[in-house]
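Peer 1: To start, I am sharing the structure in question, which I have written as structure tokens.
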Amino acid sequence: MIWHYLVRRLFLLSFVFFALTCFAFSLGHLFPGDPLVNFSGISQPDDELLPILVQQYQLDNGYLQQYIAFLQRILQGDWGLSLASQQPVLYELSQVFPATLELVAYALLISFVLGVPLGLLAAIKASHWSGRVISTIALLGYSLPIFWWALLMIMLFSIGLGWFPTSGRISVLYEIPSVTGFMLPDILLSGQTYWQAALQDAIRHLWLPAFVLATYPTTVMIRFTRDAMLNVWQQSYIKTARAKGLSRSQVLYRHGLRNAMLPVMRQLGLQFSTLVTLAMISELIFSWPGIGLWLLDSISQRNYPAIQGGLLVISSLVILVNILMDVLHTLFNPLARKQANG
Amino acid sequence: MLKPLISRSLPPALLALLLAACQPDMPAEVRSGLVYCSEGSPESFNPQLVTSGTTIDATSRQLFDRLLDINPDTGEFRPALATHWEIREDGLSYTFYLRPGVQFHQTDYFSPSRPLTSADVRFSFERIMLTEHPFHAVSGGDYPYFQTVDWANRVVRIATPTDEQVVFYLRQRDSSFLSNLATDFAVIHSAEYAQQLVEQNQRQRLDTHPIGTGPFKFREYRKDVFIRYYRHGSYWGEPSQLEQLVIDIEPNNAKRMARLLTHECDIIAYPRMAELELISKRDDVRVQQQTSMNVGFWAFNTSKEPFNNSKVRRALSMAINRDAILQAVYFNQAEAATSLLPPTSWGHNPTLLPVPYNPEAARSLLAEAGYPYGFNMTIWAMPIQRLYNPNATRMAEMMQADLARIGVRASIVTLEWNAFRRQLRQGEHDSVLLGWNADNTDPDNFFRPLVSCNGVDSGTNRALWCDPAFDALIAQALLTDNQTIRRSYYWAAQQYLAEHLPLLPLAHAKRFQAVNHRVEGVGINPYGGIDLSTAFKRPDKDTP
Amino acid sequence: MAKFQWLYHKTEHGPLSQLWVSFRQQHSAVIGLMLFGFFTLIALFGPVLTPYDPYLQNPDALLLPPSWDDMGDVRYLLGTDDLGRDQLSRLIKGASYTFGIALITALGAMLLGLLLGVLAGMSKGFRASAFNHVLDLALTIPSLLLAIIIVAILGPGLINTIWAIMLALLPQFVHGVRNTILQQLEQEYVIAYRLDGANNWQILRYVIFPNTWEQLTVLFSMALSTAILDIAALGFLGLGAQAPAAEWGLMVADALDLIYLSPWSIALPGLLIFIAVLSVNLVSDGLRTAVRKRQEN
């Protein structure tokens with residue numbers, strides 16, 4: 001029965017990707033300027049190249065043929081050239097995307113490590129001062145404009161105390177060739193004699209942006225863990241478990257946490273799109289060479305092929321995370337599984 | 001149950017993280033590397049193709065050499081790749097004798113088999129002047145500086161009698177010729193590398209993966225992120241003490257300053273003048289100051305209505321409250337400009353007065369020109385800070401308010417720098433806030449690029465102003481070596497400009513550089529780009 | 001009679017006043033509501049309240065610190081910026097931009113979401129499913145990316161980015177409304193009403209809407225806090241409001257260059273964004289708690 005559900009999700013996934021590519025394709029025509037330039041990224045194709053490109057992009061045919069040609073190019077990995085650097089968009093994406101994933105992953109890790117225990121504490125001690133303090137902090141963190149928060153953190157920790165650097169993933173003096181695109185593994189793979197110092201330096205660079213970016217998901221995590229926990233606590237199966245003589249912590253772990261984490265996980269999927277927006281802004285402030293910084297540069301450079309590529313990659317990521325969270329939620333939740341089949 | 005868990009595991013974790021926050025022992029490659037934080041990405045790695053100061057700062061003095069240089073202290077010529085030179089009596093031929101044994105860069109994409117010869121010099125300049133040259137059209141075929149000085153018409157041919165001798169034959173006497181050769185644009189490339197690229201069919205790499213004879217060699221470049229250079233081990237001059245030079249690219253002022261304060265940058269380009277006082281209070285950074293030959297101006301697109309009318313241009317100029325701009329934008333670290341030429345130039349005309357600030361008169365002048373109700377216009381404000389204009393958007397905002405008082409409705413246009421330059425070139429602007437840094441000491445270096453007809457073609461004349469009478473004046477000035485006679489022509493040229501106002505000169509600014517207290521030996525010139533070959537970092541006192 | 005009086009007393013407390021009672025019991029929510037009212041008033045009457053023209057440049061008073069500072073000037077309560085514009089006036093004006101426009105944006109998204117949600121909730125079969133999938137797609141595009149795309153097509157500007165924010169807010173409303181409607185349609189009293197011969201419109205008008213507005217208010221307050229943050233962030237990034245507009249996010253970006261000279265010109269607008277969002281979130285939290293309590297009763 002679960003297969004039926006998975007197939008339906010797969011169908012949904014393919015439909016959403018279809019709609020997404022349609023949207024990305026239409027942008028080539030919607031952006032100002034010549035669709036040929038917007039698709040290919042070749043700013044001034046010469047007379048020899050022009051007919052070849054028109055033929056390849058099917059630009060003298062109807063939209064349907066153009067779309068099919070577009071889809072073929074996307075699948076073949078020909079995403080056009082960046083108007084700003086004349087390098088393939090897909091190559092540039094492969095350089096910047098891992099940096100974003102890395103930042104988001106560490107931020108999420110922090111938010112799990114901090115958010116779940118704090119949320120639990122806030123639920124258990126809901127009327128105690130510690131629970132209230134946590135709830136208040138969560139509400140404050142939830143309301144912070146991230147760009148302002150990032151600036152405050154830089155003022156305090158970088159310029160004031162001099163603890164952390166303000167920009168980039170590692171000091172530019174360390175030469176780390178990009179293999180996986182993820183900084184920490186790359187340092188280990190680099191084979192440089194100074195890898196230990198480089199690793200320390202990279203971690204120093206990671207702290208501030210990861211912490212700032214983690215602020216929002218941590219507060220979300222605290223709030224939802226607390227609410228879900230309070231909710232679960234009132235369910236009859238918890239009362240039954242308590243009545244059976246299980247200790248408070250046993251109940252907490254065996255029944256409470258697992259059931260409380262389900263809605264939290266679902267929420268995480270829904271909030272992922274917000275998290276990506278916040279990551280893009282923090283990348284700008286911390287000069288983190290990720291996809292957000294790259295896209296924001298692209299918009300000021302009117303680099304349309306790059307924007308198109310960025311749309312495809314970011315949206316695909318968010319879609320995948322959403323669907324993954326939905327699937328996990330269903331797999332772990334017997335009730336939802338039943339609904340999915342019903 | 002939970003609380004003790006947290007309180008037990010948190011402190012060690014925090015401690016470990018704080019340890020990571022301490023400065024680790026830095027390896028040698030890092031200790032002897034220097035980070036120069038620049039305000040923008042270079043457009044190319046070949047200075048012949050550009051005029052922008054950003055590109056010159058990043059490439060010219062670090063990667064390349066010229067035949068001769070200008071001594072920044074005395075303003076006199078001094079030998080570089082040429083040990084000495086001879087000028088024929090009639091001024092029509094210049095013979096240069098090359099320094100023996102000058103080595104080109106050895107990199108992972110090119111290994112030189114021979115030292116510098118006259119063929120390299122010839123290759124470098126023939127690329128510019130011969131349209132049929134196999135490299136001429138590579139990277140667009142534009143050589144803006146050489147186009148403005150009309151190089152292709154002035155130099156008849158280049159001869160190489162021997163491997164050590166190069167002779168330039170000129171069409172007519174040109175008193176600015178040596179100055180032009182000493183500019184940051186007149187760099188020497190490797191003909192052997194070019195040959196290799198032809199064989200590999202990758203000619204454009206000459207301008208993206210440079211090979212020169214300069215103190216540093218190219219290692220890697222990530223657009224909008226950084227450029228990495230290594231030391232050129234067999235440099236002909238004094239080799240640099242730096243193992244590597246990294247140019248970190250950060251267009252945002254405040255962020256560059258932050259990186260200086262956190263010691264991520266050793267030198268930052270263009271610290272904001274307003275912050276100089278603040279820096280001077282700290283003992284870990286220091287400010288270097290140098291008078292510089294530059295001018296910030298407001299150019300009107302004279303090819304468009306109504307800016308082709310000099311009354312309109314004067315009216316707009318009179319509406320601008322320059323004192324307020326000097327205070328708010330330059331923080332009074334600049335001189336009000338009366339002419340394009342800064343007062344430190346020998347050609348400067350001291351009799352000129354600045355355009356007065358008089359909105360009333362401006363309004364009536366505008367009415368006289370046929371625009372009693374004003375008009376709509378755009379002010380293009382460059383997105384990056386330059387010496388001559390530290391904050392063009394802010395300046396544009398002030399002008400917008402000033403212009404509104406005489407009924408002119410201005411809107412501000414600002415784009416990313418490369419897109420900005422591209423669209424300026426297409427003449428899409430009504431007016432633009434820009435400026436110019438001198439490349440050499442010759443006054444001609446201001447007039448010909450900025451306001452001559454040649455400058456219109458090469459894209460340095462943003463006023464698109466082409467006046468044959470004016471061009472004749474500055475051409476006359478080049479036909480003699482007599483400085484008194486040349487000066488009288490330049491005085492007349494400045495008078496002419498003050499009457500026609502194709503652009504409004506605003507200010508001459510001083511050049512500042514903020515450096516880490518451990519950095520010594522940075523060369524800043526009154527003209528041209530920064531020279532980092534002599535820079536070095538003193539070791540920290542507490543490290544042996 | 002006494003028996004009936006007791007019943008009567010109960011019905012006098014309609015859902016709205018019940019909600020208010022439990023809302024009023026939460027001090028933080030009441031404080032949030034007061035702040036919210038304050039910001040709304042400033043946003044509405046800001047233009048009349050400013051002591052100076054927020055765009056008037058005074059070249060004789062550049063970068064003045066707030067008046068309580070030694071270097072400050074009493075005439076400029078919160079000091080001036082680097083063009084000599086009065087900070088207080090700009091901050092007041094900024095309330096109309098950041099807060100006021102966020103209100104309008106969230107309202108617009110709510111109305112549109114209500115319309116689409118009703119359509120989605122009342123339709124069935126393939127149409128409903130296709131519609132949902134398109135919505136899922138819209139949910140996946142982060143608001144900033146949407147804004148970047150719209151700016152790429154239409155150019156930067158406050159109005160252009162408002163469309164992006166509205167589009168990004170829309171799916172929450174549509175989903176919320178649709179889910180509520182679907183829930184309601186399954187209720188027995190709806191089926192009973194339908195058996196009485198009520199058509200779709202009557203069901204909507206008399207049964208479903210009265211049961212949706214609570215949900216809508218909660219959604220609206222959440223959307224409003226997102227809208228404020230988004231407008232400010234886009235202004236900060238230079239995609240939204242353009243200089244010299246006194247939008248709070250843009251003011252932070254403008255003052256970035258002055259971060260070392262006049263830190264308060266970054267601190268103040270940022271603080272206002274923070275407080276505005278906080279007030280909305282306090283109200284939002286209070287509402288949710290109140291709704292939960294009322295439903296539990």
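Letters for chains follow the order of the structure tokens (A, B, ...), residue numbers begin at 1 for each chain, and ligand numbers begin at 1 in the order shown.
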I'd like the contact shell of Gly374 in chain B - 6 Å cut-off, only C-alpha atoms, skipping same-chain residues fewer than 2 positions apart - returned as a compact mmCIF listing (two decimals) with all heavy atoms, in the first residue's frame.
Peer 2:
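Final output, saved to part-v8.txt:
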```txt
# COMPACT_ATOMS: atom_id res chain seq x y z
N TYR B 371 13.73 76.18 -21.83
CA TYR B 371 13.17 75.16 -20.94
C TYR B 371 12.69 75.80 -19.63
O TYR B 371 13.24 75.52 -18.57
CB TYR B 371 14.19 74.06 -20.64
CG TYR B 371 14.64 73.33 -21.86
CD1 TYR B 371 15.81 73.70 -22.53
CD2 TYR B 371 13.90 72.26 -22.36
CE1 TYR B 371 16.21 73.01 -23.67
CE2 TYR B 371 14.30 71.59 -23.49
CZ TYR B 371 15.46 71.97 -24.14
OH TYR B 371 15.86 71.30 -25.26
N PRO B 372 11.71 76.70 -19.71
CA PRO B 372 11.29 77.38 -18.49
C PRO B 372 10.72 76.41 -17.46
O PRO B 372 10.72 76.68 -16.27
CB PRO B 372 10.23 78.36 -18.97
CG PRO B 372 9.79 77.85 -20.29
CD PRO B 372 10.95 77.12 -20.88
N GLY B 407 13.67 73.05 -11.28
CA GLY B 407 12.61 72.44 -12.07
C GLY B 407 13.05 71.27 -12.94
O GLY B 407 12.28 70.79 -13.76
N VAL B 408 14.30 70.81 -12.74
CA VAL B 408 14.74 69.64 -13.51
C VAL B 408 14.53 68.39 -12.68
O VAL B 408 14.97 68.31 -11.55
CB VAL B 408 16.23 69.79 -13.90
CG1 VAL B 408 16.73 68.52 -14.56
CG2 VAL B 408 16.41 70.98 -14.83
```
Peer 1: Could you give me, as number ranges by chain, the residues within 9 Å of Gln66 in chain A, counting only C-alpha atoms and dropping anything in the same chain fewer than 6 positions from it?
Peer 2: A: 25, 57-60
Peer 1: Which residues of range 377-479 of chain B come within 10 Å of range 120-142 of chain B, and what is each one's closest atom pair and distance in Å (one decimal), counting only C-alpha atoms, sorted by chain and residue number, as a tab-separated table?
Peer 2:
```
residue	atom	partner	partner_atom	distance
B:Asp457	CA	B:Asp142	CA	9.8
B:Ser458	CA	B:Asp142	CA	7.3
B:Gly459	CA	B:Asp142	CA	9.5
```
Peer 1: Within 8 Å of Leu340 in chain B, counting only C-alpha atoms, which residues qualify if same-chain residues fewer than 3 places away don't, as a PyMOL selection string?
Peer 2: chain B and resi 295+337+446-447+494+505
Peer 1: Residues of the last selection are to be written out with N, CA, C and O atoms, as a PDB file, in the first residue's frame.
Peer 2:
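Contents of the output file out-v6.pdb:
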```
ATOM      1  N   VAL B 295      40.593  63.818 -11.292  1.00  0.00           N
ATOM      2  CA  VAL B 295      39.478  64.749 -11.284  1.00  0.00           C
ATOM      3  C   VAL B 295      38.172  63.975 -11.306  1.00  0.00           C
ATOM      4  O   VAL B 295      38.062  62.951 -11.980  1.00  0.00           O
ATOM      5  N   ALA B 337      37.309  71.699  -7.987  1.00  0.00           N
ATOM      6  CA  ALA B 337      37.996  71.747  -9.268  1.00  0.00           C
ATOM      7  C   ALA B 337      37.501  72.931 -10.085  1.00  0.00           C
ATOM      8  O   ALA B 337      36.305  73.208 -10.132  1.00  0.00           O
ATOM      9  N   PHE B 446      44.871  64.117 -19.750  1.00  0.00           N
ATOM     10  CA  PHE B 446      43.514  64.469 -19.318  1.00  0.00           C
ATOM     11  C   PHE B 446      42.633  64.808 -20.516  1.00  0.00           C
ATOM     12  O   PHE B 446      41.497  64.372 -20.599  1.00  0.00           O
ATOM     13  N   PHE B 447      43.166  65.630 -21.408  1.00  0.00           N
ATOM     14  CA  PHE B 447      42.303  66.176 -22.457  1.00  0.00           C
ATOM     15  C   PHE B 447      41.937  65.158 -23.515  1.00  0.00           C
ATOM     16  O   PHE B 447      40.787  65.043 -23.907  1.00  0.00           O
ATOM     17  N   GLN B 494      41.840  74.910 -21.551  1.00  0.00           N
ATOM     18  CA  GLN B 494      41.034  74.903 -20.326  1.00  0.00           C
ATOM     19  C   GLN B 494      40.007  76.028 -20.340  1.00  0.00           C
ATOM     20  O   GLN B 494      38.880  75.874 -19.874  1.00  0.00           O
ATOM     21  N   PRO B 505      33.840  69.886 -14.039  1.00  0.00           N
ATOM     22  CA  PRO B 505      34.817  69.322 -13.111  1.00  0.00           C
ATOM     23  C   PRO B 505      34.373  69.616 -11.687  1.00  0.00           C
ATOM     24  O   PRO B 505      33.971  70.732 -11.380  1.00  0.00           O
TER      25      PRO B 505
END
```
Peer 1: Write down, as an MDAnalysis selection string, each residue of chain A that has any atom within 8 Å of an atom of chain C, counting only C-alpha atoms.
Peer 2: chainID A and resid 12 15:16 19:20 30:32 139:140 143:145 147:148 273:274 276:277 281 296 299 302 304 307 311 314:315 318:319 322
Peer 1: Might you pull out every residue within 10 Å of Phe45 in chain C, with only C-alpha atoms counted and same-chain residues fewer than 3 positions away left off, and present them as a list in words?
Peer 2: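 Near neighbours after the sequence-gap exclusion: Phe39, Thr40, Leu41, Ile42, Val48, Leu49, Thr50, Ile92, Lys93, Ala95 and Ser96 of chain C.
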Peer 1: Residues of the last selection are to be written out with C-alpha atoms, as a compact mmCIF listing (two decimals), in the first residue's frame.
Peer 2:
```txt
# COMPACT_ATOMS: atom_id res chain seq x y z
CA PHE C 39 2.53 51.43 14.25
CA THR C 40 -0.73 51.45 12.30
CA LEU C 41 -1.47 54.99 13.45
CA ILE C 42 2.04 56.16 12.56
CA VAL C 48 1.42 64.82 9.14
CA LEU C 49 3.49 63.86 12.16
CA THR C 50 7.00 64.37 10.81
CA ILE C 92 8.19 58.01 10.86
CA LYS C 93 7.87 58.12 7.10
CA ALA C 95 6.46 53.29 8.98
CA SER C 96 4.20 54.11 6.04
```
Peer 1: Output as a list in words the set of chain B residues within 10 Å of chain C, with distances taken over only C-alpha atoms.
Peer 2: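 So the residues of chain B near chain C are Asn252, Asn253, Ala254, Lys255, Met257, Ala258, Arg272, Ala274, Glu275, Glu277, Leu278, Ile279, Asn321, Asp323, Ala324, Ile325, Gln327, Ala328, Val329, Asn391, Thr393, Arg394, Met395, Glu397, Met398, Gln400, Ala401, Asp402 and Ile412 of chain B.
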Peer 1: Using only C-alpha atoms, I'd like a table of the residues in chain A that come within 9 Å of chain B; for each, show the closest atom pair and its distance in Å rounded to one decimal, ordered by chain and ascending number, as a Markdown table.
Peer 2:
```
| residue | atom | partner | partner_atom | distance |
| --- | --- | --- | --- | --- |
| A:Ala84 | CA | B:Asn418 | CA | 8.2 |
| A:Ser85 | CA | B:Lys223 | CA | 7.2 |
| A:Pro117 | CA | B:Leu2 | CA | 7.7 |
| A:Leu120 | CA | B:Leu2 | CA | 8.7 |
| A:Leu121 | CA | B:Leu2 | CA | 7.6 |
| A:Ile154 | CA | B:Ala258 | CA | 8.7 |
| A:Met155 | CA | B:Ala258 | CA | 8.7 |
| A:Ser158 | CA | B:Thr262 | CA | 6.4 |
| A:Ile159 | CA | B:Thr262 | CA | 6.1 |
| A:Gly162 | CA | B:Thr262 | CA | 6.0 |
| A:Trp163 | CA | B:Ala21 | CA | 5.8 |
| A:Phe164 | CA | B:Ala21 | CA | 6.4 |
| A:Pro165 | CA | B:Thr262 | CA | 6.2 |
| A:Thr166 | CA | B:Arg259 | CA | 6.6 |
| A:Ser167 | CA | B:Arg259 | CA | 7.6 |
| A:Gly168 | CA | B:Val225 | CA | 8.8 |
| A:Ser171 | CA | B:Glu264 | CA | 7.2 |
| A:Val172 | CA | B:Val246 | CA | 6.9 |
| A:Leu173 | CA | B:Val30 | CA | 5.4 |
| A:Tyr174 | CA | B:Val30 | CA | 6.6 |
| A:Glu175 | CA | B:Arg228 | CA | 8.9 |
| A:Thr193 | CA | B:Pro27 | CA | 8.6 |
| A:Tyr194 | CA | B:Pro27 | CA | 6.2 |
| A:Ala197 | CA | B:Pro24 | CA | 6.2 |
| A:Ala198 | CA | B:Met26 | CA | 8.9 |
| A:Gln200 | CA | B:Ala20 | CA | 5.7 |
| A:Asp201 | CA | B:Ala20 | CA | 7.7 |
| A:Ile203 | CA | B:Ala20 | CA | 6.9 |
| A:Arg204 | CA | B:Ala21 | CA | 5.5 |
| A:His205 | CA | B:Ala21 | CA | 8.9 |
| A:Trp207 | CA | B:Leu17 | CA | 8.7 |
| A:Ser249 | CA | B:Met1 | CA | 7.1 |
| A:Ile285 | CA | B:Lys255 | CA | 8.5 |
| A:Phe286 | CA | B:Lys255 | CA | 8.8 |
| A:Ser287 | CA | B:Glu250 | CA | 8.3 |
| A:Pro289 | CA | B:Val225 | CA | 7.4 |
| A:Asp297 | CA | B:Glu416 | CA | 8.1 |
| A:Ile299 | CA | B:Glu416 | CA | 8.9 |
| A:Ser300 | CA | B:Glu416 | CA | 5.2 |
| A:Gln301 | CA | B:Glu416 | CA | 5.3 |
| A:Arg302 | CA | B:Ala419 | CA | 7.7 |
```
Peer 1: CA of Arg462 in chain B to CA of Arg66 in chain B: how many Å, to one decimal?
Peer 2: 28.1 Å
Peer 1: Using only C-alpha atoms, which protein or nucleic acid residues come within 6 Å of range 37-47 of chain A? Drop anything in the same chain fewer than 6 positions from it, and give the result as a PDB file with C-alpha atoms, in the first residue's frame.
Peer 2:
```
ATOM      1  CA  GLY A  28      13.851  33.348 -21.497  1.00  0.00           C
ATOM      2  CA  GLY A  80      24.064  28.396 -21.416  1.00  0.00           C
ATOM      3  CA  LEU A  81      26.873  30.769 -20.541  1.00  0.00           C
ATOM      4  CA  SER A  82      26.924  33.326 -17.775  1.00  0.00           C
ATOM      5  CA  LEU A  83      26.645  36.764 -19.380  1.00  0.00           C
ATOM      6  CA  TYR A 304      19.620  36.310 -17.227  1.00  0.00           C
ATOM      7  CA  PRO A 305      20.991  32.830 -17.989  1.00  0.00           C
TER       8      PRO A 305
END
```
Peer 1: Residues at most 8 Å from Gly286 in chain C, counting only C-alpha atoms, excluding those fewer than 2 positions away in the same chain, as a PDB file with C-alpha atoms, in the first residue's frame?
Peer 2:
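The resulting file, out16.pdb, is reproduced below:
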```
ATOM      1  CA  PHE C  23      -6.780  37.188  24.255  1.00  0.00           C
ATOM      2  CA  GLN C  26      -2.339  37.342  27.852  1.00  0.00           C
ATOM      3  CA  SER C  28       2.232  39.995  26.057  1.00  0.00           C
ATOM      4  CA  ALA C  29      -0.467  39.800  23.413  1.00  0.00           C
ATOM      5  CA  LEU C 282       2.902  38.783  19.792  1.00  0.00           C
ATOM      6  CA  VAL C 283      -0.583  39.437  18.489  1.00  0.00           C
ATOM      7  CA  SER C 284      -0.341  36.383  16.274  1.00  0.00           C
ATOM      8  CA  ARG C 288      -3.553  31.415  18.229  1.00  0.00           C
ATOM      9  CA  THR C 289      -3.595  30.671  21.928  1.00  0.00           C
ATOM     10  CA  ALA C 290      -6.986  32.330  22.247  1.00  0.00           C
TER      11      ALA C 290
END
```
Peer 1: Find the spatial neighbours of range 168-178 of chain C, counting only C-alpha atoms, within a cut-off of 8 Å - ignore same-chain residues fewer than 4 positions away - and output them as a ChimeraX atom specification.
Peer 2: /C:106,109-110,112-114,116-118,120-121,135-136,138-139,141-143,146,164,182,212,215-216,219,223,227
Peer 1: Determine which residues of range 336-372 of chain B receive a DSSP assignment of helix (DSSP H, G or I), computed from the backbone, and state them as a list in words.
Peer 2: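 Checking each residue of range 336-372 of chain B, the helix (DSSP H, G or I) ones are Pro359, Glu360, Ala361, Ala362, Arg363, Ser364, Leu365, Leu366, Ala367 and Glu368 of chain B.
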